[in-house]
Every structure is written in C-alpha cells, then in structure tokens.
Amino acid sequence: MELPKNQGATATATATASGIESDLIRRRRGSNGFQQANAINGADVNTTDDVCGSGAGFETMNEPTKSVGESNPREEEDRNDAVANGDESKTTEATTAYKFSYRASAPAHRRIRESPLSSDAIFRQSHAGLFNLCVVVLIAVNSRLIIENLMKYGLLIRAGFWFSSKSLRDWPLLMCCLILQLLPLTAFLVEKMAQKRRLTERVVVILHITITTVAILYPVLVILKCDSAFLSGVILMLVACIVWMKLVSYAHTNHDMRVLAKSMDKVETSDADYSYDVSFKSLAYFMVAPTLCYQLSYPRTPCIRKGWVARQFIKLVIFTGLMGFIIEQYINPIVQNSQHPLKGNLLYAIERVLKLSVPNLYVWLCMFYCIFHLWLNILAELLCFGDREFYKDWWNAKTIDEYWRMWNMPVHKWMVRHIYFPCLRNGIPKAIALLIAFLVSAVFHELCIAVPCRLFKFWAFIGIMFQVPLVILTNFLQNQFQSSMVGNMMFWCFFCILGQPMCVLLYYHDVMNRKGSAR
C-alpha cells in the first residue's frame, strides 16, 4: 500500500527522529547511566597526546566530526540555501536534528583552553582592539590638555615666531656657515697633492688635523662673539659638526686607500708610483649626500619622484610647525613657571619634570620624524641616494646599547668605521673603545647645546656619559630576563621621561641665572 506524499514525509521524519533519539540514548547510556560523547564515525576519532605529561590523568575530549550536540556549518549553510530556494523537503532531516541539539546532557567543555590574557596565550592573541583603545584615550587626554592650556594661557604663538627680531644679528652665523664649505676644497687639494706624492704622510695628517680643527673652532668663536638667537647657534653647530665628521671620514678613507695601494704594489723599487682615485666630483656629492661615511661611489636610484618629494616636503612643514606650537604653547610656560630642579623643593621638581616630559617627548619624536625620515629621505631622493636606512626600529630596543646602534644610523656607521674598529685594530679593549665612542658623542652633544647657550655646565656631557652605566645595567637585565621588555621600559623612562626634561630645566635656569647676573 502506497502512502500519500505528505504522510510519507511525516513517517520519514518520525523514523529519523526515533533513530537519532535511540542512537543518542544508546551512546550516552553506560554502566553509570552516561558516558563520554564519541564521534559517530569511528574513523573520525582524533586522539591527542597528554598535554600535562604521561600519567597525569588528563586528556582532551575527542571532537566529533558530527556529534549530536553540534551542527556542521556546511550543513547549516546548505540548509539556509535550501530554505531560500523554497526546497524545504531537503532540510526536513536536518531540522529534526535541531530538536536534540544543545541538550542539558551534551558536553559544553570539550578541550583544554587558556584564557586570552594568560601568560601562555597573551602573545598569541591580537591586541588591535587594545591598541585602538590606547589611541582613543591618548587623543582624549591630549585634547583635554590642549583645551586646558588654551583656557589658562590663551594662544601664545608670537608674531615673530618664524622670524626672530635678532635675525639681522645672525648674518655672521650665515657667513660662517658658507665659509665652512671652503674647508672641503682645502682637504681635496691636500689629498690631490698627497696622491702626486708632493707631501709626506706626516704633513698630510697635520694638515687634515688643522682643517678639521678649524671646522669646529671657527663656528664656536663666531657664536660666542655674536649675540645671536639660540636656534641659529644650534643650527650652525650642527652644520659644523656634520662638516667635521665628513672631513674626518674623507681624510681617513683616503689614508686607508693609500695604505692599501702601497700594500698591493708589487714593484720592488722604492719610487714606484701607486694610484687611487681622488675626485672632486665624488667629494662634492659626499658633502651634500645624507651620509657621514665617504666612499668613491654609492648605490643610486634611477629617477627622482617629484610628486613624492612634494608630499614629504608638505609633511616637513606641518610637523615643523607642530614642533614650534608645542614649544611655544606648552614647554615655555612650564619652564618659566618652574624652579631650578637641584635647588628647589624635590617633590615640586619631580612634578615639573613629569609635566614637562610629555610635551618634550612629542617634540623629540617630531624632531626625529622631521630630520631622520622626512628631510634625509627628501635629500636622498633629490640626489638619487639609494641607501636610505637612516634609522632602524629603535623604539623596540631592549637595551640602551641597542638604541644607540639603531636610532641614528649615519652617526652609528661613522662611529663604528672611524672610532670603534680603529681602536680595536690598535689593540684597545672593547670596553675602552666603547667608552671612547661615548666620549666623542658626549663632547659633540655638549658643543651643540652649551655653545649656543654660552654656558658650559656640562649637563649634556654628563647625560651622555651616564648612558655607559645604563648600557651595563640594561644588558644585565636583558640577560637575567630573557625575551623581556624591561630594558625597553627603562630606556623610555630614563631617556625620554626623566633625562631630557631634566636637561631642559637645568639649561633653562642656568641661562636665566647667567642673564640675570649679567644685568
């Protein structure tokens, strides 16, 4: 006897439900009434190793390919498609299975899992949401500070911010900056005469020492003699230090090429001629290139991207203006309303340093972005200079040593090439060679700050030399706590939160005291 179509579907559904329910009861019924849920198909059973060690008595529950307590996502997708197409007869069996899904007796815990913020799983999680939260909080906090500052002080940008009233007195500094460009020509003439063997090696060394000494002393004397603006003096001292380092590299590299040419000369006679290239074109390119290490040729790019240069220049103008706004609107009021950090109340000094640390950090980051990313890349693009690794990811440095090796690559390469390894080749221990490198850096930091301030208190010198014990300390902590960011936190704390604001306050009050005593 043949059943009607609707009765046949009902019977099929009833039989299916009865079969599923019987199978479910049969699977869960054991000696104690229930047993662990297993896979329907024995071939799909996955065994897992004991994660707690052999004999620990823990094992993960087998995940069924298709258990009664779960639904297959692909079947659910097919069911939705079938319902959308109006073919409900294909989904009758799957719909009936829902009646037995997520029952009270179905297991809710099937394997061992860690909490997302536990020590074993925290580094395997994505923290993009927390990063977005930090950005939102940072914007909110700084917006409040901006509104509070404007309500308290008003707009402090002066009309003569970009063009100081002392700009006419800075003409001697500009002339000094132009005269410095004649020193590379003098160094080239010395090398040309040395190539033609018209000067002895001793005379060549003495002449180069004289030229490099003039490159430093002449700007120092001009700045101390002229009553110029602080910013103009800093720029001139930076230019003088760059010229000095380039001249040292030029002289040292040519000396090394002469030594190599002599060692490779196989002619036995003492008056044998040796040749190496002394090109004024190479020197001229080197003096304007974004590098401090001289070589005969550099990797070059094929063309200049004019649109890219225009975009970077716009960014340079914007971030330079942002630096000026932060200095005028935030840093100046803080330092003017502060006391000398070594002479006043200790708690008040700590409060001023911490309050100054945030805008000072913003200015320092903007300065880094403007100089090492924007300006050096613009210069490299205009000169088709190929090697543009002007910095590395110094913000991830775990030690102070790593930071100094990554944040300023042109200076680091110059130090390694012309200070550190020459010391090692002359038998100086590594620790002493490192100390000499920091000593040279400390001297030039002091010159770039103390000379424009016309005040020699050696705060910058002490700050740089204080990096040596910090290098030892952070290296020790990194060895004690492997894969830890303790050193990175110490770098941010000592270098940016405490060190730089303290130096700003010290120099500001010493300069103010000097001006007050001069009156």
# chains A, B, ... in the order shown; residues from 1 in each chain; ligands from 1
call {"tool": "select_by_dssp", "arguments": {"residues": "stretch 212-379 of chain A", "states": "helix (DSSP H, G or I)", "output": "ChimeraX atom specification"}}
result
/A:212-225,230-264,280-288,306-336,346-379
call {"tool": "closest_atom_pairs", "arguments": {"of": "stretch 351-390 of chain A", "to": "stretch 487-510 of chain A", "cutoff": "6 Å", "atoms": "only C-alpha atoms", "output": "JSON lines"}}
result
{"residue": "A:Val353", "atom": "CA", "partner": "A:Pro501", "partner_atom": "CA", "distance": 5.6}
{"residue": "A:Leu356", "atom": "CA", "partner": "A:Pro501", "partner_atom": "CA", "distance": 6.0}
{"residue": "A:Ser357", "atom": "CA", "partner": "A:Ile497", "partner_atom": "CA", "distance": 5.1}
call {"tool": "closest_residue", "arguments": {"among": "A:Phe458, A:Phe481, A:Phe438, A:Phe444", "to": "A:Cys241", "atoms": "only C-alpha atoms"}}
result
A:Phe444
call {"tool": "decode", "arguments": {"residues": "stretch 179-200 of chain A", "atoms": "N, CA and C atoms", "output": "PDB file, in the first residue's frame"}}
result
ATOM      1  N   ILE A 179      81.306  79.888   4.792  1.00  0.00           N
ATOM      2  CA  ILE A 179      82.766  79.752   4.768  1.00  0.00           C
ATOM      3  C   ILE A 179      83.190  78.322   5.077  1.00  0.00           C
ATOM      4  N   LEU A 180      82.404  77.619   5.882  1.00  0.00           N
ATOM      5  CA  LEU A 180      82.735  76.226   6.208  1.00  0.00           C
ATOM      6  C   LEU A 180      82.798  75.349   4.962  1.00  0.00           C
ATOM      7  N   GLN A 181      82.060  75.733   3.926  1.00  0.00           N
ATOM      8  CA  GLN A 181      82.051  74.921   2.710  1.00  0.00           C
ATOM      9  C   GLN A 181      83.362  75.027   1.931  1.00  0.00           C
ATOM     10  N   LEU A 182      84.234  75.973   2.300  1.00  0.00           N
ATOM     11  CA  LEU A 182      85.546  76.067   1.648  1.00  0.00           C
ATOM     12  C   LEU A 182      86.534  75.044   2.203  1.00  0.00           C
ATOM     13  N   LEU A 183      86.279  74.545   3.394  1.00  0.00           N
ATOM     14  CA  LEU A 183      87.206  73.582   4.002  1.00  0.00           C
ATOM     15  C   LEU A 183      87.292  72.266   3.226  1.00  0.00           C
ATOM     16  N   PRO A 184      86.178  71.718   2.703  1.00  0.00           N
ATOM     17  CA  PRO A 184      86.316  70.511   1.870  1.00  0.00           C
ATOM     18  C   PRO A 184      87.197  70.734   0.648  1.00  0.00           C
ATOM     19  N   LEU A 185      87.154  71.933   0.055  1.00  0.00           N
ATOM     20  CA  LEU A 185      88.040  72.224  -1.079  1.00  0.00           C
ATOM     21  C   LEU A 185      89.496  72.176  -0.651  1.00  0.00           C
ATOM     22  N   THR A 186      89.795  72.705   0.536  1.00  0.00           N
ATOM     23  CA  THR A 186      91.160  72.641   1.052  1.00  0.00           C
ATOM     24  C   THR A 186      91.593  71.198   1.285  1.00  0.00           C
ATOM     25  N   ALA A 187      90.690  70.386   1.854  1.00  0.00           N
ATOM     26  CA  ALA A 187      91.008  68.970   2.070  1.00  0.00           C
ATOM     27  C   ALA A 187      91.243  68.238   0.751  1.00  0.00           C
ATOM     28  N   PHE A 188      90.483  68.609  -0.280  1.00  0.00           N
ATOM     29  CA  PHE A 188      90.686  67.990  -1.593  1.00  0.00           C
ATOM     30  C   PHE A 188      92.059  68.333  -2.152  1.00  0.00           C
ATOM     31  N   LEU A 189      92.492  69.597  -2.021  1.00  0.00           N
ATOM     32  CA  LEU A 189      93.815  69.979  -2.518  1.00  0.00           C
ATOM     33  C   LEU A 189      94.918  69.223  -1.786  1.00  0.00           C
ATOM     34  N   VAL A 190      94.731  69.017  -0.483  1.00  0.00           N
ATOM     35  CA  VAL A 190      95.722  68.247   0.282  1.00  0.00           C
ATOM     36  C   VAL A 190      95.796  66.815  -0.232  1.00  0.00           C
ATOM     37  N   GLU A 191      94.662  66.198  -0.454  1.00  0.00           N
ATOM     38  CA  GLU A 191      94.661  64.818  -0.943  1.00  0.00           C
ATOM     39  C   GLU A 191      95.209  64.719  -2.359  1.00  0.00           C
ATOM     40  N   LYS A 192      94.949  65.742  -3.154  1.00  0.00           N
ATOM     41  CA  LYS A 192      95.473  65.725  -4.530  1.00  0.00           C
ATOM     42  C   LYS A 192      96.993  65.797  -4.522  1.00  0.00           C
ATOM     43  N   MET A 193      97.534  66.632  -3.648  1.00  0.00           N
ATOM     44  CA  MET A 193      98.991  66.729  -3.549  1.00  0.00           C
ATOM     45  C   MET A 193      99.588  65.458  -2.952  1.00  0.00           C
ATOM     46  N   ALA A 194      98.849  64.836  -2.033  1.00  0.00           N
ATOM     47  CA  ALA A 194      99.338  63.566  -1.481  1.00  0.00           C
ATOM     48  C   ALA A 194      99.323  62.462  -2.530  1.00  0.00           C
ATOM     49  N   GLN A 195      98.347  62.491  -3.414  1.00  0.00           N
ATOM     50  CA  GLN A 195      98.288  61.490  -4.479  1.00  0.00           C
ATOM     51  C   GLN A 195      99.472  61.631  -5.430  1.00  0.00           C
ATOM     52  N   LYS A 196      99.873  62.884  -5.667  1.00  0.00           N
ATOM     53  CA  LYS A 196     101.020  63.123  -6.547  1.00  0.00           C
ATOM     54  C   LYS A 196     102.354  63.045  -5.809  1.00  0.00           C
ATOM     55  N   ARG A 197     102.286  62.662  -4.540  1.00  0.00           N
ATOM     56  CA  ARG A 197     103.466  62.442  -3.706  1.00  0.00           C
ATOM     57  C   ARG A 197     104.290  63.711  -3.523  1.00  0.00           C
ATOM     58  N   ARG A 198     103.583  64.834  -3.439  1.00  0.00           N
ATOM     59  CA  ARG A 198     104.260  66.097  -3.171  1.00  0.00           C
ATOM     60  C   ARG A 198     104.280  66.428  -1.682  1.00  0.00           C
ATOM     61  N   LEU A 199     103.531  65.650  -0.888  1.00  0.00           N
ATOM     62  CA  LEU A 199     103.518  65.823   0.552  1.00  0.00           C
ATOM     63  C   LEU A 199     103.773  64.477   1.214  1.00  0.00           C
ATOM     64  N   THR A 200     104.492  64.526   2.318  1.00  0.00           N
ATOM     65  CA  THR A 200     104.713  63.302   3.082  1.00  0.00           C
ATOM     66  C   THR A 200     103.455  62.968   3.874  1.00  0.00           C
TER      67      THR A 200
END
